[in-house]
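Structure first, commentary second.
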Amino acid sequence: MYDYILLSTLNDFVFCPYSIYLHNVYMGGDEELVHAVPQTRGKAAHKTIDQKNYSSKKDEISSLAVFCDELGIAGKIDVYKRNKKLLVERKYQLNTIYQGQIYQLWGQYFCMMEMGYEIEELAFYAIVTNKTFPVAVPNEENKKELAGFIQEFKEFNPETKITINENKCTHCIYCNLCDKTEVTNVYS
Ligand code: SF4
């Protein structure tokens, strides 16, 4: 069986490799107790899509599971607007677009292209502000960059000493469960 790497895991890896360990430790518990406010809101934002009732428009596909054999990745898209050939990732709130989020959207793009969909535009959409943030369609160089990052993920040694960035920790949903830092997150 082919082992796909989840796009959400790659995003977590960019943020902090240790957060993947914490996610796997706590994801089996009560999600509502673990998720801090932003993630709960984020999940709510995706709920309508996950229930496939975001749009009844025939030219929109939502919550589609996607795979890319070439890169060995899998995930789920938010919304694909067929008439515009546009792929959109919705976020509850978006002040900064991080590299991990870009990799996630690139990954969705390569999955869908391999599956035969046509995509000419990519964008993030912030629900709170009702703003759209266009993202350039990845080129071959970007694809190599993503493939290199996936390789880095595969070769990661969990015993590697991680660099603690307290600014990240204060915005990490696992902060209060993490034994690597004493800071508390901003959601407490
Ligand atoms: S609290 Fe800090 S060290 Fe711990 S998982 Fe989050 S970002 Fe990583």
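Simple scheme: letters A, B, ... for chains in structure tokens order, numbers from 1 for residues in each chain, numbers from 1 for ligands in the order shown.
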Discussion item. Give me, as a PyMOL selection string, the set of residues whose atoms come within 12 Å of any atom of ligand 1, counting only C-alpha atoms and all ligand atoms.
Written reply: chain A and resi 12-26+161-186
Item to complete: Apply DSSP to the backbone of this structure and, from region 61-154 of chain A, keep only the residues in strand (DSSP E); write these as an MDAnalysis selection string.
Response: chainID A and resid 61:62 65:68 73:76 79:81 86:91 121:126 131:135
Worksheet item: For Ile77 (chain A), which residue out of A:Thr96, A:Asn130, A:Gln108, A:Thr9 is the nearest one, using only C-alpha atoms?
Response: A:Gln108
Discussion item. I'd like to know which residues of chain A are helix (DSSP H, G or I) (by DSSP, run on the backbone); could you write them as a ChimeraX atom specification?
Written reply: /A:7-15,17-26,31-34,37-50,99-114,140-154,166-169,175-177
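Using only C-alpha atoms, the nearest neighbour of Ala126 (chain A) within the list A:Glu89, A:Gly107, A:Glu155, A:Ser63 is A:Glu89.
Across the model, the gap from CA of Tyr98 (chain A) to CA of Ile127 (chain A) is 17.2 Å.
What separates CA of Ala123 (chain A) from CA of Ala136 (chain A) is a distance of 8.2 Å.
Computed from the coordinates, the CA of Ala74 (chain A) to CA of Ile5 (chain A) distance equals 6.0 Å.
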Worksheet item: Leaving out Leu7 (chain A) and any residue of its chain fewer than 5 positions from it, which residues lie within 12 Å of it when counting only C-alpha atoms, given as an MDAnalysis selection string?
Response: chainID A and resid 12:14 65:68 71:77 100:111 146 149:150 153
So that I have them on file, write out the residues from the current selection with C-alpha atoms, as an mmCIF file, in the first residue's frame.
```cif
data_model
loop_
_atom_site.group_PDB
_atom_site.id
_atom_site.type_symbol
_atom_site.label_atom_id
_atom_site.label_comp_id
_atom_site.auth_asym_id
_atom_site.auth_seq_id
_atom_site.Cartn_x
_atom_site.Cartn_y
_atom_site.Cartn_z
ATOM 1 C CA ASP A 12 2.605 21.349 11.037
ATOM 2 C CA PHE A 13 6.172 20.268 10.279
ATOM 3 C CA VAL A 14 7.030 23.724 8.922
ATOM 4 C CA ALA A 65 -10.037 14.100 -1.058
ATOM 5 C CA VAL A 66 -6.994 14.498 -3.304
ATOM 6 C CA PHE A 67 -3.843 12.438 -3.897
ATOM 7 C CA CYS A 68 -0.616 12.815 -5.808
ATOM 8 C CA LEU A 71 4.921 13.486 -4.692
ATOM 9 C CA GLY A 72 3.411 10.913 -2.329
ATOM 10 C CA ILE A 73 0.991 13.365 -0.721
ATOM 11 C CA ALA A 74 -2.717 13.423 0.105
ATOM 12 C CA GLY A 75 -5.179 15.872 1.574
ATOM 13 C CA LYS A 76 -8.515 17.509 1.164
ATOM 14 C CA ILE A 77 -9.339 20.652 -0.747
ATOM 15 C CA GLY A 100 3.527 25.832 5.448
ATOM 16 C CA GLN A 101 0.154 27.102 4.247
ATOM 17 C CA ILE A 102 1.635 27.847 0.817
ATOM 18 C CA TYR A 103 3.085 24.306 0.655
ATOM 19 C CA GLN A 104 -0.328 22.946 1.597
ATOM 20 C CA LEU A 105 -2.007 24.847 -1.253
ATOM 21 C CA TRP A 106 0.741 23.903 -3.711
ATOM 22 C CA GLY A 107 0.295 20.284 -2.629
ATOM 23 C CA GLN A 108 -3.464 20.459 -3.268
ATOM 24 C CA TYR A 109 -2.711 21.959 -6.671
ATOM 25 C CA PHE A 110 -0.315 19.164 -7.695
ATOM 26 C CA CYS A 111 -2.760 16.543 -6.439
ATOM 27 C CA LEU A 146 8.076 21.135 -2.386
ATOM 28 C CA PHE A 149 10.752 19.693 1.609
ATOM 29 C CA ILE A 150 8.828 16.410 1.547
ATOM 30 C CA PHE A 153 10.228 15.601 6.283
#
```
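For Arg82 (chain A), the set of protein, DNA and RNA residues having any atom at most 6 Å away, when counting only C-alpha atoms and skipping those fewer than 3 positions along the same chain, is Asp59, Glu60 and Lys85 of chain A.
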